[in-house]
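Take a look at the structure set out below.
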Amino acid sequence: MDVDRTDPERAARYSEMSGPSVERHGGRFLARGGALTVLEGDWEPNRLVVIEFTSKDAAQAWYDSDDYREARVAREGAGTWRMVVVNGI
């Protein structure tokens, strides 16, 4: 997830809701903000979040869940979120 927050208050409310939602659905944060160093290329994310789920289906189930849907509504107008699912090994 690559996040550009423009409304810190709304973004904070989203974080309060999304963190427990991730955990309820079996996810685990591997990175949530923090310092980063670009090693190559011109991509400079503002805030990077990495969440681990047991499968792509589990990630999709979390994203489609009622509690995460509420968190997404709460973050409307708080910035731009870019999310992808990557199958791991």
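Order determines the names: the first chain of the structure tokens is A, the second B, and so forth; residues in each chain are numbered 1 upward, and ligands are numbered 1 upward as they are shown.
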Residues of region 13-37 of chain A at most 7 Å from region 47-61 of chain A: nearest atom pair and distance in Å, only C-alpha atoms, as a tab-separated table:
```
residue	atom	partner	partner_atom	distance
A:Gly26	CA	A:Phe53	CA	6.4
A:Gly27	CA	A:Phe53	CA	4.7
A:Arg28	CA	A:Glu52	CA	5.1
A:Phe29	CA	A:Ile51	CA	4.4
A:Leu30	CA	A:Val50	CA	5.4
A:Ala31	CA	A:Val50	CA	5.0
A:Arg32	CA	A:Val49	CA	4.4
A:Gly33	CA	A:Arg47	CA	5.0
```
- prompt: Pro45 (chain A): which residues within 9 Å, counting only C-alpha atoms, same-chain residues fewer than 6 positions away excluded, as number ranges by chain?
  reply: A: 2-4, 36, 38
Okay, now the selection with N, CA, C and O atoms, as an mmCIF file, in the first residue's frame?
```
data_model
loop_
_atom_site.group_PDB
_atom_site.id
_atom_site.type_symbol
_atom_site.label_atom_id
_atom_site.label_comp_id
_atom_site.auth_asym_id
_atom_site.auth_seq_id
_atom_site.Cartn_x
_atom_site.Cartn_y
_atom_site.Cartn_z
ATOM 1 N N ASP A 2 0.643 2.146 -0.877
ATOM 2 C CA ASP A 2 1.365 3.412 -0.982
ATOM 3 C C ASP A 2 0.360 4.496 -0.623
ATOM 4 O O ASP A 2 -0.693 4.607 -1.256
ATOM 5 N N VAL A 3 0.648 5.274 0.403
ATOM 6 C CA VAL A 3 -0.330 6.210 0.957
ATOM 7 C C VAL A 3 0.205 7.634 0.931
ATOM 8 O O VAL A 3 1.331 7.886 1.356
ATOM 9 N N ASP A 4 -0.617 8.542 0.425
ATOM 10 C CA ASP A 4 -0.354 9.983 0.511
ATOM 11 C C ASP A 4 -1.480 10.592 1.325
ATOM 12 O O ASP A 4 -2.607 10.723 0.837
ATOM 13 N N LEU A 36 12.098 5.098 5.003
ATOM 14 C CA LEU A 36 12.432 4.228 3.890
ATOM 15 C C LEU A 36 13.521 4.877 3.059
ATOM 16 O O LEU A 36 13.709 6.094 3.092
ATOM 17 N N VAL A 38 15.027 4.845 -0.896
ATOM 18 C CA VAL A 38 14.890 4.435 -2.291
ATOM 19 C C VAL A 38 16.268 4.002 -2.772
ATOM 20 O O VAL A 38 17.226 4.772 -2.718
#
```
Atom pair CA of Asp67 (chain A) + CA of Asn87 (chain A), distance 23.6 Å
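Secondary structure of chain A, strand (DSSP E or B) only (DSSP, backbone atoms): A:Asp2, A:Val3, A:Asp4, A:Arg5, A:Arg28, A:Phe29, A:Leu30, A:Ala31, A:Arg32, A:Arg47, A:Leu48, A:Val49, A:Val50, A:Ile51, A:Glu52, A:Gly79, A:Thr80, A:Trp81, A:Arg82.
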If you count only C-alpha atoms, the residue of A:Glu44, A:Val84, A:Glu16, A:His25 closest to Arg72 (chain A) turns out to be A:Glu16
Fewer than 2 positions away in the same chain doesn't count, so skip those; otherwise give me all residues within 8 Å of Met83 (chain A), counting only C-alpha atoms, as an MDAnalysis selection string.
chainID A and resid 1:2 81 85
Might you pull out every residue within 9 Å of Tyr68 (chain A), with only C-alpha atoms counted and same-chain residues fewer than 6 positions away left off, and present them as JSON, numbers by chain? {"A": [17, 18, 21, 22, 62]}
Quick check for you: according to DSSP on this backbone, which residues of chain A are classed as alpha helix (DSSP H)? Reply as a PDB file with N, CA, C and O atoms, in the first residue's frame.
```pdb
ATOM      1  N   PRO A   8      -4.643  14.611   8.026  1.00  0.00           N
ATOM      2  CA  PRO A   8      -4.100  13.764   9.088  1.00  0.00           C
ATOM      3  C   PRO A   8      -5.150  13.264  10.086  1.00  0.00           C
ATOM      4  O   PRO A   8      -5.041  12.138  10.577  1.00  0.00           O
ATOM      5  N   GLU A   9      -6.157  14.063  10.386  1.00  0.00           N
ATOM      6  CA  GLU A   9      -7.177  13.643  11.345  1.00  0.00           C
ATOM      7  C   GLU A   9      -8.004  12.471  10.800  1.00  0.00           C
ATOM      8  O   GLU A   9      -8.245  11.485  11.498  1.00  0.00           O
ATOM      9  N   ARG A  10      -8.450  12.585   9.555  1.00  0.00           N
ATOM     10  CA  ARG A  10      -9.206  11.482   8.945  1.00  0.00           C
ATOM     11  C   ARG A  10      -8.331  10.251   8.772  1.00  0.00           C
ATOM     12  O   ARG A  10      -8.770   9.121   8.979  1.00  0.00           O
ATOM     13  N   ALA A  11      -7.090  10.474   8.386  1.00  0.00           N
ATOM     14  CA  ALA A  11      -6.164   9.350   8.212  1.00  0.00           C
ATOM     15  C   ALA A  11      -5.927   8.647   9.548  1.00  0.00           C
ATOM     16  O   ALA A  11      -5.851   7.415   9.595  1.00  0.00           O
ATOM     17  N   ALA A  12      -5.847   9.387  10.626  1.00  0.00           N
ATOM     18  CA  ALA A  12      -5.656   8.791  11.947  1.00  0.00           C
ATOM     19  C   ALA A  12      -6.874   7.956  12.340  1.00  0.00           C
ATOM     20  O   ALA A  12      -6.737   6.858  12.889  1.00  0.00           O
ATOM     21  N   ARG A  13      -8.061   8.460  12.060  1.00  0.00           N
ATOM     22  CA  ARG A  13      -9.282   7.703  12.359  1.00  0.00           C
ATOM     23  C   ARG A  13      -9.303   6.402  11.546  1.00  0.00           C
ATOM     24  O   ARG A  13      -9.647   5.346  12.053  1.00  0.00           O
ATOM     25  N   TYR A  14      -8.924   6.492  10.290  1.00  0.00           N
ATOM     26  CA  TYR A  14      -8.836   5.299   9.447  1.00  0.00           C
ATOM     27  C   TYR A  14      -7.856   4.291  10.054  1.00  0.00           C
ATOM     28  O   TYR A  14      -8.163   3.095  10.145  1.00  0.00           O
ATOM     29  N   SER A  15      -6.704   4.748  10.483  1.00  0.00           N
ATOM     30  CA  SER A  15      -5.710   3.849  11.072  1.00  0.00           C
ATOM     31  C   SER A  15      -6.247   3.170  12.325  1.00  0.00           C
ATOM     32  O   SER A  15      -5.993   1.986  12.552  1.00  0.00           O
ATOM     33  N   GLU A  16      -6.989   3.923  13.129  1.00  0.00           N
ATOM     34  CA  GLU A  16      -7.590   3.349  14.340  1.00  0.00           C
ATOM     35  C   GLU A  16      -8.566   2.227  13.992  1.00  0.00           C
ATOM     36  O   GLU A  16      -8.704   1.270  14.748  1.00  0.00           O
ATOM     37  N   MET A  17      -9.240   2.368  12.870  1.00  0.00           N
ATOM     38  CA  MET A  17     -10.219   1.360  12.459  1.00  0.00           C
ATOM     39  C   MET A  17      -9.575   0.226  11.666  1.00  0.00           C
ATOM     40  O   MET A  17      -9.950  -0.937  11.825  1.00  0.00           O
ATOM     41  N   SER A  18      -8.633   0.557  10.800  1.00  0.00           N
ATOM     42  CA  SER A  18      -8.087  -0.457   9.897  1.00  0.00           C
ATOM     43  C   SER A  18      -7.144  -1.427  10.602  1.00  0.00           C
ATOM     44  O   SER A  18      -7.127  -2.615  10.262  1.00  0.00           O
ATOM     45  N   GLY A  19      -6.375  -0.960  11.559  1.00  0.00           N
ATOM     46  CA  GLY A  19      -5.446  -1.844  12.265  1.00  0.00           C
ATOM     47  C   GLY A  19      -6.148  -3.031  12.909  1.00  0.00           C
ATOM     48  O   GLY A  19      -5.802  -4.193  12.637  1.00  0.00           O
ATOM     49  N   PRO A  20      -7.153  -2.787  13.756  1.00  0.00           N
ATOM     50  CA  PRO A  20      -7.886  -3.909  14.341  1.00  0.00           C
ATOM     51  C   PRO A  20      -8.593  -4.762  13.292  1.00  0.00           C
ATOM     52  O   PRO A  20      -8.702  -5.985  13.451  1.00  0.00           O
ATOM     53  N   SER A  21      -9.050  -4.147  12.212  1.00  0.00           N
ATOM     54  CA  SER A  21      -9.708  -4.900  11.148  1.00  0.00           C
ATOM     55  C   SER A  21      -8.737  -5.893  10.519  1.00  0.00           C
ATOM     56  O   SER A  21      -9.078  -7.053  10.291  1.00  0.00           O
ATOM     57  N   VAL A  22      -7.527  -5.448  10.239  1.00  0.00           N
ATOM     58  CA  VAL A  22      -6.508  -6.338   9.675  1.00  0.00           C
ATOM     59  C   VAL A  22      -6.297  -7.530  10.606  1.00  0.00           C
ATOM     60  O   VAL A  22      -6.302  -8.687  10.177  1.00  0.00           O
ATOM     61  N   GLU A  23      -6.125  -7.250  11.885  1.00  0.00           N
ATOM     62  CA  GLU A  23      -5.856  -8.316  12.853  1.00  0.00           C
ATOM     63  C   GLU A  23      -7.047  -9.273  12.975  1.00  0.00           C
ATOM     64  O   GLU A  23      -6.848 -10.490  13.060  1.00  0.00           O
ATOM     65  N   ARG A  24      -8.274  -8.748  12.973  1.00  0.00           N
ATOM     66  CA  ARG A  24      -9.460  -9.605  13.060  1.00  0.00           C
ATOM     67  C   ARG A  24      -9.553 -10.581  11.892  1.00  0.00           C
ATOM     68  O   ARG A  24     -10.117 -11.663  12.006  1.00  0.00           O
ATOM     69  N   LYS A  56      -4.125 -14.833  -0.957  1.00  0.00           N
ATOM     70  CA  LYS A  56      -4.770 -13.759  -1.703  1.00  0.00           C
ATOM     71  C   LYS A  56      -6.250 -13.699  -1.349  1.00  0.00           C
ATOM     72  O   LYS A  56      -6.815 -12.617  -1.190  1.00  0.00           O
ATOM     73  N   ASP A  57      -6.884 -14.852  -1.208  1.00  0.00           N
ATOM     74  CA  ASP A  57      -8.301 -14.898  -0.842  1.00  0.00           C
ATOM     75  C   ASP A  57      -8.544 -14.272   0.529  1.00  0.00           C
ATOM     76  O   ASP A  57      -9.549 -13.583   0.737  1.00  0.00           O
ATOM     77  N   ALA A  58      -7.635 -14.498   1.473  1.00  0.00           N
ATOM     78  CA  ALA A  58      -7.779 -13.906   2.806  1.00  0.00           C
ATOM     79  C   ALA A  58      -7.653 -12.381   2.734  1.00  0.00           C
ATOM     80  O   ALA A  58      -8.395 -11.652   3.399  1.00  0.00           O
ATOM     81  N   ALA A  59      -6.732 -11.899   1.919  1.00  0.00           N
ATOM     82  CA  ALA A  59      -6.582 -10.454   1.741  1.00  0.00           C
ATOM     83  C   ALA A  59      -7.836  -9.861   1.107  1.00  0.00           C
ATOM     84  O   ALA A  59      -8.321  -8.807   1.532  1.00  0.00           O
ATOM     85  N   GLN A  60      -8.365 -10.528   0.116  1.00  0.00           N
ATOM     86  CA  GLN A  60      -9.578 -10.046  -0.547  1.00  0.00           C
ATOM     87  C   GLN A  60     -10.763 -10.066   0.411  1.00  0.00           C
ATOM     88  O   GLN A  60     -11.576  -9.134   0.423  1.00  0.00           O
ATOM     89  N   ALA A  61     -10.865 -11.111   1.234  1.00  0.00           N
ATOM     90  CA  ALA A  61     -11.956 -11.193   2.213  1.00  0.00           C
ATOM     91  C   ALA A  61     -11.870 -10.047   3.210  1.00  0.00           C
ATOM     92  O   ALA A  61     -12.888  -9.456   3.588  1.00  0.00           O
ATOM     93  N   TRP A  62     -10.656  -9.715   3.653  1.00  0.00           N
ATOM     94  CA  TRP A  62     -10.486  -8.553   4.546  1.00  0.00           C
ATOM     95  C   TRP A  62     -10.929  -7.282   3.836  1.00  0.00           C
ATOM     96  O   TRP A  62     -11.707  -6.508   4.376  1.00  0.00           O
ATOM     97  N   TYR A  63     -10.454  -7.078   2.613  1.00  0.00           N
ATOM     98  CA  TYR A  63     -10.775  -5.854   1.882  1.00  0.00           C
ATOM     99  C   TYR A  63     -12.286  -5.704   1.689  1.00  0.00           C
ATOM    100  O   TYR A  63     -12.820  -4.601   1.780  1.00  0.00           O
ATOM    101  N   ASP A  64     -12.973  -6.804   1.450  1.00  0.00           N
ATOM    102  CA  ASP A  64     -14.416  -6.781   1.200  1.00  0.00           C
ATOM    103  C   ASP A  64     -15.260  -6.830   2.478  1.00  0.00           C
ATOM    104  O   ASP A  64     -16.483  -6.737   2.395  1.00  0.00           O
ATOM    105  N   ASP A  66     -17.165  -6.040   6.047  1.00  0.00           N
ATOM    106  CA  ASP A  66     -17.950  -4.888   6.512  1.00  0.00           C
ATOM    107  C   ASP A  66     -17.117  -3.930   7.353  1.00  0.00           C
ATOM    108  O   ASP A  66     -17.210  -2.714   7.193  1.00  0.00           O
ATOM    109  N   ASP A  67     -16.286  -4.458   8.256  1.00  0.00           N
ATOM    110  CA  ASP A  67     -15.518  -3.562   9.122  1.00  0.00           C
ATOM    111  C   ASP A  67     -14.473  -2.776   8.338  1.00  0.00           C
ATOM    112  O   ASP A  67     -14.257  -1.591   8.596  1.00  0.00           O
ATOM    113  N   TYR A  68     -13.832  -3.399   7.343  1.00  0.00           N
ATOM    114  CA  TYR A  68     -12.866  -2.623   6.564  1.00  0.00           C
ATOM    115  C   TYR A  68     -13.578  -1.655   5.625  1.00  0.00           C
ATOM    116  O   TYR A  68     -13.081  -0.559   5.367  1.00  0.00           O
ATOM    117  N   ARG A  69     -14.748  -2.026   5.151  1.00  0.00           N
ATOM    118  CA  ARG A  69     -15.532  -1.102   4.320  1.00  0.00           C
ATOM    119  C   ARG A  69     -15.840   0.174   5.113  1.00  0.00           C
ATOM    120  O   ARG A  69     -15.743   1.281   4.595  1.00  0.00           O
ATOM    121  N   GLU A  70     -16.172   0.025   6.394  1.00  0.00           N
ATOM    122  CA  GLU A  70     -16.420   1.185   7.250  1.00  0.00           C
ATOM    123  C   GLU A  70     -15.169   2.041   7.398  1.00  0.00           C
ATOM    124  O   GLU A  70     -15.244   3.269   7.390  1.00  0.00           O
ATOM    125  N   ALA A  71     -14.021   1.407   7.525  1.00  0.00           N
ATOM    126  CA  ALA A  71     -12.759   2.149   7.621  1.00  0.00           C
ATOM    127  C   ALA A  71     -12.491   2.920   6.334  1.00  0.00           C
ATOM    128  O   ALA A  71     -12.056   4.080   6.369  1.00  0.00           O
ATOM    129  N   ARG A  72     -12.760   2.302   5.182  1.00  0.00           N
ATOM    130  CA  ARG A  72     -12.557   2.998   3.904  1.00  0.00           C
ATOM    131  C   ARG A  72     -13.465   4.211   3.794  1.00  0.00           C
ATOM    132  O   ARG A  72     -13.045   5.265   3.299  1.00  0.00           O
ATOM    133  N   VAL A  73     -14.705   4.080   4.252  1.00  0.00           N
ATOM    134  CA  VAL A  73     -15.621   5.225   4.232  1.00  0.00           C
ATOM    135  C   VAL A  73     -15.088   6.331   5.136  1.00  0.00           C
ATOM    136  O   VAL A  73     -15.110   7.510   4.776  1.00  0.00           O
ATOM    137  N   ALA A  74     -14.570   5.960   6.302  1.00  0.00           N
ATOM    138  CA  ALA A  74     -14.044   6.945   7.255  1.00  0.00           C
ATOM    139  C   ALA A  74     -12.841   7.696   6.696  1.00  0.00           C
ATOM    140  O   ALA A  74     -12.602   8.846   7.061  1.00  0.00           O
ATOM    141  N   ARG A  75     -12.075   7.087   5.799  1.00  0.00           N
ATOM    142  CA  ARG A  75     -10.880   7.750   5.264  1.00  0.00           C
ATOM    143  C   ARG A  75     -11.168   8.620   4.037  1.00  0.00           C
ATOM    144  O   ARG A  75     -10.253   9.286   3.528  1.00  0.00           O
TER     145      ARG A  75
END
```
